[in-house]
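entry.csv follows; it contains CSV, C-alpha atoms.
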```
chain,number,residue,atom,x,y,z
A,972,MET,CA,11.1,57.2,75.4
A,973,GLU,CA,10.0,53.7,76.5
A,974,ASN,CA,11.1,54.5,80.1
A,975,VAL,CA,8.6,57.4,80.1
A,976,LEU,CA,5.7,55.8,78.3
A,977,ARG,CA,5.7,52.6,80.3
A,978,PRO,CA,5.1,54.2,83.7
A,979,LEU,CA,2.5,56.6,82.2
A,980,ILE,CA,0.6,53.7,80.6
A,981,VAL,CA,0.7,51.5,83.7
A,982,VAL,CA,-0.3,54.3,86.2
A,983,GLY,CA,-2.6,56.1,83.8
A,984,GLY,CA,-4.3,52.9,82.8
A,985,SER,CA,-4.8,51.9,86.4
A,986,VAL,CA,-6.4,55.2,87.2
A,987,VAL,CA,-8.7,55.2,84.2
A,988,LEU,CA,-9.8,51.7,84.7
A,989,THR,CA,-10.5,52.5,88.4
A,990,VAL,CA,-12.6,55.5,87.5
A,991,VAL,CA,-14.6,53.6,84.8
A,992,VAL,CA,-15.3,50.6,87.1
A,993,GLY,CA,-16.3,52.9,89.9
A,994,TYR,CA,-18.7,54.9,87.6
A,995,LEU,CA,-20.3,51.7,86.2
A,996,VAL,CA,-20.8,50.3,89.7
A,997,ASP,CA,-22.4,53.5,90.9
A,998,ILE,CA,-24.8,53.5,87.9
A,999,LEU,CA,-25.8,49.9,88.6
A,1000,LEU,CA,-26.4,50.6,92.3
A,1001,ARG,CA,-28.4,53.7,91.5
A,1002,ARG,CA,-30.7,51.8,89.1
A,1003,ALA,CA,-31.1,49.0,91.6
A,1004,ASP,CA,-32.0,51.6,94.3
A,1005,GLU,CA,-34.7,53.1,92.0
A,1006,ARG,CA,-36.2,49.7,91.3
A,1007,HIS,CA,-36.2,48.5,94.9
A,1008,HIS,CA,-37.7,51.2,97.0
A,1009,GLU,CA,-38.6,48.7,99.8
A,1010,THR,CA,-34.9,48.5,100.9
A,1011,PRO,CA,-32.3,51.3,101.2
A,1012,LEU,CA,-29.4,48.8,100.8
A,1013,TRP,CA,-28.5,49.7,97.3
A,1014,GLY,CA,-28.5,53.4,98.1
A,1015,LEU,CA,-26.3,52.8,101.2
A,1016,LEU,CA,-23.9,50.7,99.1
A,1017,ARG,CA,-23.2,53.7,97.0
A,1018,ARG,CA,-21.1,55.0,99.9
A,1019,CYS,CA,-18.6,52.2,99.1
A,1020,ARG,CA,-17.6,53.8,95.8
A,1021,VAL,CA,-14.5,55.6,97.1
A,1022,PRO,CA,-13.0,52.6,99.1
A,1023,LEU,CA,-13.8,50.3,96.2
A,1024,GLN,CA,-11.9,52.5,93.8
A,1025,LEU,CA,-9.0,52.8,96.2
A,1026,VAL,CA,-8.9,49.0,96.5
A,1027,LEU,CA,-9.1,48.4,92.8
A,1028,CYS,CA,-6.4,51.1,91.9
A,1029,THR,CA,-4.0,49.9,94.6
A,1030,ALA,CA,-4.5,46.2,93.6
A,1031,ILE,CA,-3.8,47.0,89.9
A,1032,LEU,CA,-0.7,49.1,90.8
A,1033,ARG,CA,0.5,46.4,93.2
A,1034,GLY,CA,0.3,43.8,90.5
A,1035,SER,CA,1.7,45.9,87.6
A,1036,TYR,CA,4.3,48.0,89.4
A,1037,GLU,CA,7.2,45.7,88.4
A,1038,GLN,CA,6.3,46.4,84.7
A,1039,THR,CA,7.1,50.1,85.1
A,1040,LYS,CA,10.7,49.5,85.9
A,1041,ILE,CA,11.2,52.7,87.8
A,1042,ALA,CA,12.9,53.3,91.1
A,1043,LYS,CA,14.3,49.7,91.1
A,1044,ASP,CA,16.4,50.5,94.2
A,1045,HIS,CA,13.2,51.3,96.2
A,1046,SER,CA,11.0,48.7,94.7
A,1047,ALA,CA,10.7,46.8,98.0
A,1048,GLY,CA,9.6,49.9,99.9
A,1049,ILE,CA,7.1,50.9,97.3
A,1050,SER,CA,5.7,47.4,97.1
A,1051,ARG,CA,5.3,47.2,100.8
A,1052,THR,CA,3.6,50.7,100.8
A,1053,LEU,CA,1.2,49.6,98.2
A,1054,THR,CA,0.4,46.4,100.2
A,1055,LEU,CA,-0.3,48.5,103.3
A,1056,VAL,CA,-2.6,50.8,101.4
A,1057,LEU,CA,-4.4,47.8,99.9
A,1058,ILE,CA,-4.9,46.2,103.3
A,1059,GLY,CA,-6.2,49.5,104.8
A,1060,SER,CA,-8.5,50.3,101.9
A,1061,ALA,CA,-9.9,46.7,101.9
A,1062,ALA,CA,-10.7,47.0,105.6
A,1063,TRP,CA,-12.4,50.4,104.9
A,1064,LEU,CA,-14.4,48.7,102.2
A,1065,VAL,CA,-15.5,45.9,104.5
A,1066,VAL,CA,-16.5,48.3,107.2
A,1067,ARG,CA,-18.6,50.4,104.7
A,1068,ILE,CA,-20.3,47.2,103.4
A,1069,ALA,CA,-21.1,46.0,106.9
A,1070,ALA,CA,-22.5,49.4,107.9
A,1071,ALA,CA,-24.7,49.5,104.8
A,1072,ILE,CA,-26.1,46.0,105.5
A,1073,VAL,CA,-26.7,46.8,109.2
A,1074,GLU,CA,-28.4,50.1,108.6
A,1075,SER,CA,-30.5,48.6,105.8
A,1076,SER,CA,-31.7,45.8,108.1
A,1077,TYR,CA,-32.5,48.3,110.9
A,1078,ALA,CA,-34.4,50.6,108.5
A,1079,ARG,CA,-36.6,47.7,107.2
A,1080,TYR,CA,-37.3,46.5,110.7
A,1081,ALA,CA,-38.2,50.0,111.8
A,1082,ALA,CA,-40.6,50.4,108.9
A,1083,MET,CA,-42.3,47.1,109.6
A,1084,HIS,CA,-42.8,47.5,113.4
A,1085,ARG,CA,-44.5,50.4,115.1
A,1086,ASP,CA,-43.6,49.5,118.7
A,1087,PRO,CA,-41.1,52.2,119.8
A,1088,ALA,CA,-39.6,50.0,122.5
A,1089,ARG,CA,-38.8,47.2,120.1
A,1090,VAL,CA,-37.4,49.6,117.5
A,1091,ARG,CA,-35.0,51.1,120.1
A,1092,ARG,CA,-33.9,47.7,121.3
A,1093,VAL,CA,-33.0,46.6,117.7
A,1094,ARG,CA,-31.3,50.0,117.1
A,1095,THR,CA,-29.1,49.4,120.2
A,1096,GLN,CA,-28.2,45.9,119.1
A,1097,VAL,CA,-27.4,46.8,115.5
A,1098,THR,CA,-25.3,49.8,116.7
A,1099,LEU,CA,-23.2,47.6,118.9
A,1100,ILE,CA,-22.9,44.9,116.3
A,1101,GLN,CA,-21.6,47.4,113.8
A,1102,ARG,CA,-19.0,48.7,116.3
A,1103,VAL,CA,-17.9,45.1,117.1
A,1104,VAL,CA,-17.5,44.4,113.4
A,1105,THR,CA,-15.5,47.6,112.9
A,1106,ALA,CA,-13.3,46.8,115.9
A,1107,ILE,CA,-12.6,43.2,114.6
A,1108,VAL,CA,-11.9,44.4,111.1
A,1109,GLY,CA,-9.6,47.1,112.4
A,1110,VAL,CA,-7.6,44.7,114.6
A,1111,VAL,CA,-7.3,42.2,111.7
A,1112,ALA,CA,-6.1,44.9,109.3
A,1113,VAL,CA,-3.5,46.2,111.7
A,1114,ALA,CA,-2.2,42.7,112.4
A,1115,ALA,CA,-2.0,42.0,108.6
A,1116,MET,CA,-0.1,45.2,108.1
A,1117,LEU,CA,2.4,44.4,110.9
A,1118,LEU,CA,2.9,40.9,109.4
A,1119,THR,CA,4.2,42.4,106.2
A,1120,PHE,CA,7.4,43.4,107.9
A,1121,PRO,CA,9.9,40.5,108.3
A,1122,ALA,CA,10.9,41.6,111.8
A,1123,MET,CA,7.3,41.4,112.9
A,1124,GLN,CA,6.9,37.9,111.5
A,1125,ALA,CA,9.7,36.7,113.7
A,1126,ALA,CA,8.2,38.5,116.7
A,1127,GLY,CA,4.8,36.9,115.9
A,1128,ALA,CA,6.3,33.5,116.1
A,1129,SER,CA,7.8,34.3,119.5
A,1130,LEU,CA,4.6,35.8,120.7
A,1131,LEU,CA,2.7,32.7,119.6
A,1132,ALA,CA,4.9,30.5,121.6
A,1133,SER,CA,4.2,32.5,124.8
A,1134,ALA,CA,0.5,33.1,124.1
A,1135,GLY,CA,-0.6,31.4,127.2
A,1136,ILE,CA,1.4,33.6,129.6
A,1137,LEU,CA,0.6,36.8,127.6
A,1138,GLY,CA,-3.1,35.9,127.7
A,1139,ILE,CA,-3.1,35.6,131.5
A,1140,VAL,CA,-1.2,38.9,131.9
A,1141,ALA,CA,-3.4,40.7,129.4
A,1142,GLY,CA,-6.5,39.3,131.1
A,1143,VAL,CA,-5.4,40.6,134.5
A,1144,ALA,CA,-4.3,44.0,133.2
A,1145,ALA,CA,-7.4,44.5,131.1
A,1146,GLN,CA,-9.9,43.2,133.6
A,1147,SER,CA,-11.9,46.4,133.8
A,1148,THR,CA,-11.9,46.9,130.0
A,1149,LEU,CA,-13.0,43.3,129.4
A,1150,GLY,CA,-15.7,43.7,132.0
A,1151,ASN,CA,-17.1,46.8,130.3
A,1152,LEU,CA,-16.9,45.0,126.9
A,1153,PHE,CA,-19.0,42.0,128.1
A,1154,ALA,CA,-21.3,44.4,130.0
A,1155,GLY,CA,-21.9,46.2,126.7
A,1156,LEU,CA,-22.8,43.0,125.0
A,1157,GLN,CA,-25.1,42.1,127.9
A,1158,ILE,CA,-26.9,45.4,127.7
A,1159,ALA,CA,-27.3,45.0,123.9
A,1160,PHE,CA,-28.8,41.6,123.9
A,1161,GLY,CA,-30.2,41.4,127.4
A,1162,ASP,CA,-32.6,44.3,126.7
A,1163,MET,CA,-31.7,46.1,129.9
A,1164,VAL,CA,-31.5,49.6,128.5
A,1165,ARG,CA,-31.9,50.9,125.0
A,1166,LEU,CA,-31.2,54.0,123.0
A,1167,GLY,CA,-33.8,56.6,123.7
A,1168,ASP,CA,-34.9,55.1,127.1
A,1169,THR,CA,-35.6,57.5,129.9
A,1170,VAL,CA,-33.6,56.6,133.0
A,1171,VAL,CA,-32.7,58.0,136.5
A,1172,VAL,CA,-29.1,57.3,137.4
A,1173,ASN,CA,-27.5,58.7,140.6
A,1174,GLY,CA,-30.5,61.0,141.0
A,1175,GLU,CA,-30.1,62.4,137.5
A,1176,TRP,CA,-33.0,62.2,135.1
A,1177,GLY,CA,-32.1,61.8,131.4
A,1178,THR,CA,-32.3,59.9,128.1
A,1179,ILE,CA,-29.9,57.3,126.8
A,1180,ASP,CA,-28.0,59.2,124.1
A,1181,GLU,CA,-25.2,56.8,123.1
A,1182,ILE,CA,-24.2,53.2,123.9
A,1183,THR,CA,-20.8,51.8,123.0
A,1184,LEU,CA,-18.9,48.6,124.1
A,1185,THR,CA,-17.3,50.4,127.0
A,1186,PHE,CA,-19.3,53.5,128.0
A,1187,LEU,CA,-22.8,54.8,128.0
A,1188,THR,CA,-23.9,58.5,127.7
A,1189,VAL,CA,-27.0,59.9,129.4
A,1190,ARG,CA,-28.4,63.2,128.1
A,1191,THR,CA,-30.0,65.1,131.0
A,1192,TRP,CA,-33.0,67.5,130.7
A,1193,ASP,CA,-30.6,70.5,130.7
A,1194,GLU,CA,-28.6,69.1,127.8
A,1195,ARG,CA,-25.6,67.9,129.9
A,1196,ARG,CA,-24.0,64.6,129.0
A,1197,ILE,CA,-23.2,62.1,131.7
A,1198,THR,CA,-20.7,59.4,130.6
A,1199,MET,CA,-20.7,56.2,132.7
A,1200,PRO,CA,-19.1,52.8,132.2
A,1201,VAL,CA,-21.6,50.2,130.9
A,1202,SER,CA,-20.6,47.9,133.8
A,1203,TYR,CA,-22.5,50.3,136.1
A,1204,PHE,CA,-25.8,49.3,134.6
A,1205,THR,CA,-25.1,45.6,135.1
A,1206,SER,CA,-24.0,45.9,138.7
A,1207,LYS,CA,-26.0,48.7,140.3
A,1208,PRO,CA,-29.8,49.5,140.3
A,1209,PHE,CA,-31.2,52.2,138.2
A,1210,GLU,CA,-34.6,53.4,137.1
A,1211,ASN,CA,-35.8,52.8,133.6
A,1212,TRP,CA,-39.0,54.7,133.0
A,1213,SER,CA,-39.3,53.4,129.4
A,1214,ARG,CA,-39.2,49.7,130.4
A,1215,GLY,CA,-42.4,47.9,129.4
A,1216,GLY,CA,-43.8,51.0,127.6
A,1217,VAL,CA,-43.3,54.7,127.4
A,1218,GLU,CA,-46.6,55.8,128.9
A,1219,MET,CA,-46.2,57.6,132.3
A,1220,THR,CA,-48.3,58.3,135.3
A,1221,GLY,CA,-47.3,61.3,137.4
A,1222,THR,CA,-48.4,63.0,140.6
A,1223,VAL,CA,-48.6,66.5,141.9
A,1224,PHE,CA,-48.9,67.1,145.7
A,1225,PHE,CA,-50.5,70.2,147.3
A,1226,HIS,CA,-50.3,71.1,151.1
A,1227,LEU,CA,-53.4,73.1,151.9
A,1228,ASP,CA,-55.6,74.2,154.7
A,1229,HIS,CA,-58.4,71.9,156.0
A,1230,SER,CA,-61.0,74.2,154.5
A,1231,ALA,CA,-59.7,73.7,150.9
A,1232,PRO,CA,-62.6,73.1,148.4
A,1233,ILE,CA,-61.7,69.6,147.2
A,1234,ALA,CA,-64.7,69.2,144.9
A,1235,LEU,CA,-64.0,72.5,143.2
A,1236,MET,CA,-60.3,71.6,142.9
A,1237,ARG,CA,-61.3,68.3,141.3
A,1238,ASP,CA,-63.4,70.1,138.7
A,1239,ARG,CA,-60.6,72.7,138.1
A,1240,LEU,CA,-58.1,69.9,137.6
A,1241,HIS,CA,-60.2,68.4,134.9
A,1242,ASP,CA,-60.5,71.8,133.1
A,1243,ILE,CA,-56.7,72.3,133.3
A,1244,LEU,CA,-56.1,68.8,131.8
A,1245,ARG,CA,-58.5,69.3,129.0
A,1246,ASP,CA,-56.6,72.5,127.9
A,1247,CYS,CA,-53.2,70.8,128.3
A,1248,ALA,CA,-52.0,69.3,125.0
A,1249,ALA,CA,-49.5,67.0,126.7
A,1250,TRP,CA,-52.2,65.1,128.6
A,1251,ASP,CA,-53.1,61.9,126.8
A,1252,GLY,CA,-56.5,61.5,128.4
A,1253,ARG,CA,-55.9,58.0,129.9
A,1254,ASP,CA,-56.5,58.8,133.5
A,1255,TRP,CA,-56.7,61.6,136.1
A,1256,GLY,CA,-57.8,62.1,139.7
A,1257,LEU,CA,-57.6,64.2,142.8
A,1258,ALA,CA,-57.8,62.9,146.4
A,1259,VAL,CA,-56.8,63.8,149.9
A,1260,THR,CA,-54.0,61.4,150.8
A,1261,ASP,CA,-52.8,62.6,154.2
A,1262,THR,CA,-53.7,65.1,157.0
A,1263,THR,CA,-51.8,66.8,159.8
A,1264,PRO,CA,-52.9,69.1,162.6
A,1265,THR,CA,-52.4,72.1,160.4
A,1266,THR,CA,-52.7,71.0,156.7
A,1267,ILE,CA,-54.0,68.3,154.4
A,1268,GLN,CA,-52.1,66.7,151.6
A,1269,VAL,CA,-53.9,66.6,148.2
A,1270,ARG,CA,-52.6,64.5,145.4
A,1271,ALA,CA,-53.4,65.1,141.7
A,1272,LEU,CA,-52.9,62.1,139.4
A,1273,VAL,CA,-52.2,62.7,135.7
A,1274,THR,CA,-51.0,60.6,132.7
A,1275,ALA,CA,-49.0,61.3,129.5
A,1276,LYS,CA,-47.6,59.4,126.6
A,1277,ASP,CA,-43.9,59.7,127.6
A,1278,ALA,CA,-41.6,61.1,130.2
A,1279,ASP,CA,-41.2,64.5,128.5
A,1280,ASP,CA,-45.0,65.1,128.4
A,1281,ILE,CA,-45.6,63.9,132.0
A,1282,TRP,CA,-43.2,66.6,133.1
A,1283,THR,CA,-45.1,69.2,131.1
A,1284,VAL,CA,-48.4,68.1,132.5
A,1285,ARG,CA,-47.2,68.1,136.1
A,1286,VAL,CA,-45.7,71.6,136.0
A,1287,THR,CA,-48.8,72.9,134.2
A,1288,VAL,CA,-51.2,71.5,136.8
A,1289,ARG,CA,-49.0,72.7,139.7
A,1290,GLU,CA,-48.7,76.3,138.3
A,1291,GLN,CA,-52.3,76.8,137.2
A,1292,MET,CA,-53.8,75.1,140.3
A,1293,ILE,CA,-51.8,77.3,142.7
A,1294,ARG,CA,-52.7,80.4,140.7
A,1295,TRP,CA,-56.4,79.5,140.8
A,1296,LEU,CA,-56.3,78.9,144.5
A,1297,THR,CA,-54.5,82.2,145.1
A,1298,GLU,CA,-57.0,84.2,143.0
A,1299,HIS,CA,-60.3,82.5,144.0
A,1300,HIS,CA,-59.7,80.5,147.2
A,1301,ALA,CA,-56.9,82.1,149.2
A,1302,TYR,CA,-58.3,80.8,152.4
A,1303,ALA,CA,-57.3,77.2,151.2
A,1304,LEU,CA,-53.6,78.0,151.2
A,1305,PRO,CA,-51.6,76.8,154.3
A,1306,ARG,CA,-51.8,79.1,157.3
A,1307,VAL,CA,-49.8,79.4,160.5
A,1308,THR,CA,-52.0,78.9,163.6
A,1309,THR,CA,-51.0,80.9,166.7
A,1310,ALA,CA,-52.4,81.3,170.3
A,1311,THR,CA,-52.8,84.5,172.3
A,1312,ALA,CA,-50.7,84.8,175.5
A,1313,GLU,CA,-53.7,85.9,177.7
A,1314,PRO,CA,-56.1,83.3,179.1
A,1315,SER,CA,-59.8,83.7,178.3
A,1316,PRO,CA,-61.7,85.8,181.0
A,1317,ASN,CA,-64.5,83.3,181.2
A,1318,GLY,CA,-62.2,80.5,182.2
A,1319,HIS,CA,-62.3,78.6,178.9
A,1320,ARG,CA,-59.2,77.4,177.1
A,1321,PRO,CA,-57.1,80.0,175.4
A,1322,ARG,CA,-58.6,81.6,172.4
A,1323,PHE,CA,-56.8,80.7,169.1
A,1324,GLU,CA,-56.5,83.0,166.1
A,1325,LYS,CA,-55.4,82.2,162.7
A,1326,PHE,CA,-52.7,84.2,161.1
A,1327,THR,CA,-52.8,84.3,157.3
A,1328,PRO,CA,-49.7,85.5,155.5
A,1329,ASP,CA,-50.1,88.1,152.8
A,1330,VAL,CA,-50.9,86.2,149.6
A,1331,PRO,CA,-50.1,87.9,146.3
A,1332,ARG,CA,-53.0,88.1,144.0
A,1333,THR,CA,-50.9,87.8,140.9
A,1334,GLY,CA,-47.5,86.3,139.9
A,1335,ARG,CA,-46.2,82.8,140.0
A,1336,GLY,CA,-47.7,80.2,142.4
```

Would you mind writing the file's structure down as structure tokens?
Amino acid sequence: MENVLRPLIVVGGSVVLTVVVGYLVDILLRRADERHHETPLWGLLRRCRVPLQLVLCTAILRGSYEQTKIAKDHSAGISRTLTLVLIGSAAWLVVRIAAAIVESSYARYAAMHRDPARVRRVRTQVTLIQRVVTAIVGVVAVAAMLLTFPAMQAAGASLLASAGILGIVAGVAAQSTLGNLFAGLQIAFGDMVRLGDTVVVNGEWGTIDEITLTFLTVRTWDERRITMPVSYFTSKPFENWSRGGVEMTGTVFFHLDHSAPIALMRDRLHDILRDCAAWDGRDWGLAVTDTTPTTIQVRALVTAKDADDIWTVRVTVREQMIRWLTEHHAYALPRVTTATAEPSPNGHRPRFEKFTPDVPRTGRG
């Protein structure tokens, strides 16, 4: 009877104690979260309940397993298994606590500062810090698990003796990986690029969607994901449209006939911008920037609060201006000038005629 009750008391008592402690800790964290609305730390720490209970239960079982006096022939294996679970759950708990602290710090910073660029910079930094902490904790946990095996302890002593040679070999073999690792830290704390920045890389326009210690993901306008090593951004030039502010200035070019009504186009541009919700009202303008023997180049200048809106403003201006010219001033559209083959009967230079292609009255410009 004692052989049955003893294991039940030890195992059952460990589980009950774990559940009670976890429940009490959750209640305390919930009350602390209700009292301190200015910080989300206590609410985020509630995510640590499961790894905390696992650590507590494993630790109790690890310390009281010998009292159960069951499976004595396999006690060493069971003890090592409990040790491995304890190490793994402790690493899980540390990662959860670190994540809660980092996310809480970022949330408080974002609530206190309204500058989007600074908030994105801090978010990039805390994200990489969290991943560095996770990687370090994971490596330490795996090393601790391996050292629980006697054979690995002997191997560890041998590896320690040849650490210099192994370090050189590992450094040469992992040169690319280490380069990306340091490049990731340089991006995080050098403020070169941040999450949410609008960039142009290799002719592709997109937004920084993810930054890790080794690679960076750019989300393009058509929802594609371009994954690039972070070392690219520290060794090659790229365009960052969000650097120094998210406001954007865009241009729309028109190639028109010399008879184009510039003054009327200027008034029409202002009317289009007033009806365009994406225009931020900072600036606008229209001017003739170049001329050729057959056409003139007209540039419309517009502004918007960010890269997405500047695209909307540009396509709106281009579409509505072309439609307006087609419907009301078709003569302003580019025309092909041709000359007749016959000379003029009065001896003057050949007479020129202008050929105007058929211009649709409706449809897209």

Would you pick out the contacts of segment 983-995 of chain A at 10 Å or less, using all atoms listed in the file, so that residues sharing its chain but fewer than 3 positions from it are not included, and give the list as an MDAnalysis selection string? chainID A and resid 976:980 998:1001 1017 1019:1032 1035

Once you count all atoms listed in the file, which residues end up no further than 7 Å from (-52.5, 60.5, 133.6) in the file's frame, shown as a list in words? Thr1220, Gly1221, Trp1250, Asp1251, Gly1252, Arg1253, Asp1254, Trp1255, Leu1272, Val1273, Thr1274 and Ala1275 of chain A

Output of the above residues as a short mmCIF file (atom, residue, chain, number, x, y, z; two decimals), keeping the file's coordinate frame, restricted to C-alpha atoms:
```cif
data_model
loop_
_atom_site.label_atom_id
_atom_site.label_comp_id
_atom_site.auth_asym_id
_atom_site.auth_seq_id
_atom_site.Cartn_x
_atom_site.Cartn_y
_atom_site.Cartn_z
CA THR A 1220 -48.30 58.30 135.30
CA GLY A 1221 -47.30 61.30 137.40
CA TRP A 1250 -52.20 65.10 128.60
CA ASP A 1251 -53.10 61.90 126.80
CA GLY A 1252 -56.50 61.50 128.40
CA ARG A 1253 -55.90 58.00 129.90
CA ASP A 1254 -56.50 58.80 133.50
CA TRP A 1255 -56.70 61.60 136.10
CA LEU A 1272 -52.90 62.10 139.40
CA VAL A 1273 -52.20 62.70 135.70
CA THR A 1274 -51.00 60.60 132.70
CA ALA A 1275 -49.00 61.30 129.50
#
```

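Candidate residues A:Ile1058, A:Ala1082, A:Leu1240, A:Val1090 were compared for distance to Thr1119 of chain A, and the nearest is A:Ile1058, using only C-alpha atoms.
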
With distances taken over only C-alpha atoms, which of A:Tyr1302, A:Val1171, A:Trp1176, A:Leu1227 is nearest to Glu1210 of chain A? A:Val1171

Distance atom CA of Gln1268 of chain A-atom CA of Glu1298 of chain A, one decimal place? 20.1 Å

What lies within 9 Å of Trp1013 of chain A using all atoms listed in the file, ignoring chain neighbours under 2 positions off, as a list in words? Leu1000, Arg1001, Arg1002, Ala1003, Asp1004, Glu1005, His1007, Thr1010, Pro1011, Leu1015, Leu1016, Arg1017, Ala1071 and Ser1075 of chain A

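Atom CA of Thr1265 of chain A lies 26.9 Å from atom CA of His1241 of chain A.
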
Just the residues within 10 Å of segment 1187-1191 of chain A, please, counting only C-alpha atoms, with nothing from its chain fewer than 6 positions along; format it as a short mmCIF file (atom, residue, chain, number, x, y, z; two decimals) with C-alpha atoms, in the frame of the given file.
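As written to disk, around.cif reads:
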```cif
data_model
loop_
_atom_site.label_atom_id
_atom_site.label_comp_id
_atom_site.auth_asym_id
_atom_site.auth_seq_id
_atom_site.Cartn_x
_atom_site.Cartn_y
_atom_site.Cartn_z
CA GLY A 1155 -21.90 46.20 126.70
CA LEU A 1166 -31.20 54.00 123.00
CA GLY A 1167 -33.80 56.60 123.70
CA ASP A 1168 -34.90 55.10 127.10
CA THR A 1169 -35.60 57.50 129.90
CA VAL A 1170 -33.60 56.60 133.00
CA VAL A 1171 -32.70 58.00 136.50
CA VAL A 1172 -29.10 57.30 137.40
CA GLU A 1175 -30.10 62.40 137.50
CA TRP A 1176 -33.00 62.20 135.10
CA GLY A 1177 -32.10 61.80 131.40
CA THR A 1178 -32.30 59.90 128.10
CA ILE A 1179 -29.90 57.30 126.80
CA ASP A 1180 -28.00 59.20 124.10
CA GLU A 1181 -25.20 56.80 123.10
CA ILE A 1197 -23.20 62.10 131.70
CA THR A 1198 -20.70 59.40 130.60
CA MET A 1199 -20.70 56.20 132.70
CA PRO A 1200 -19.10 52.80 132.20
CA VAL A 1201 -21.60 50.20 130.90
CA SER A 1202 -20.60 47.90 133.80
CA TYR A 1203 -22.50 50.30 136.10
CA PHE A 1204 -25.80 49.30 134.60
#
```

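When atom CA of Asp1261 of chain A is paired with atom CA of Phe1224 of chain A, their separation reads 10.4 Å.
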
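Of the residues listed (A:Ile1267, A:Val1223, A:Ala1234, A:Leu1296), A:Val1223 shows the shortest atom-to-atom separation from Thr1283 of chain A; distances use only C-alpha atoms.
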
Counting all atoms listed in the file, the residue of A:Met1163, A:Val1103, A:Ala1278, A:Cys1247 that sits nearest Thr1205 of chain A: A:Met1163

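Proximity ranking of A:Val996, A:Leu1012, A:Val1164, A:Leu1257 relative to Tyr1077 of chain A places A:Leu1012 first, based on all atoms listed in the file.
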
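Excluding Asp1228 of chain A and any residue on its chain fewer than 4 positions from it, the residues at most 10 Å away by all atoms listed in the file are Pro1232, Thr1262, Thr1263, Pro1264, Thr1265, Thr1266, Ile1267, Gln1268, Ala1301, Tyr1302, Ala1303, Leu1304, Pro1305, Arg1306 and Val1307 of chain A.
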
Using only C-alpha atoms, the shortest atom-to-atom distance to Gln1096 of chain A among A:Val1073, A:Ala1231, A:Leu1053, A:Val1269 belongs to A:Val1073
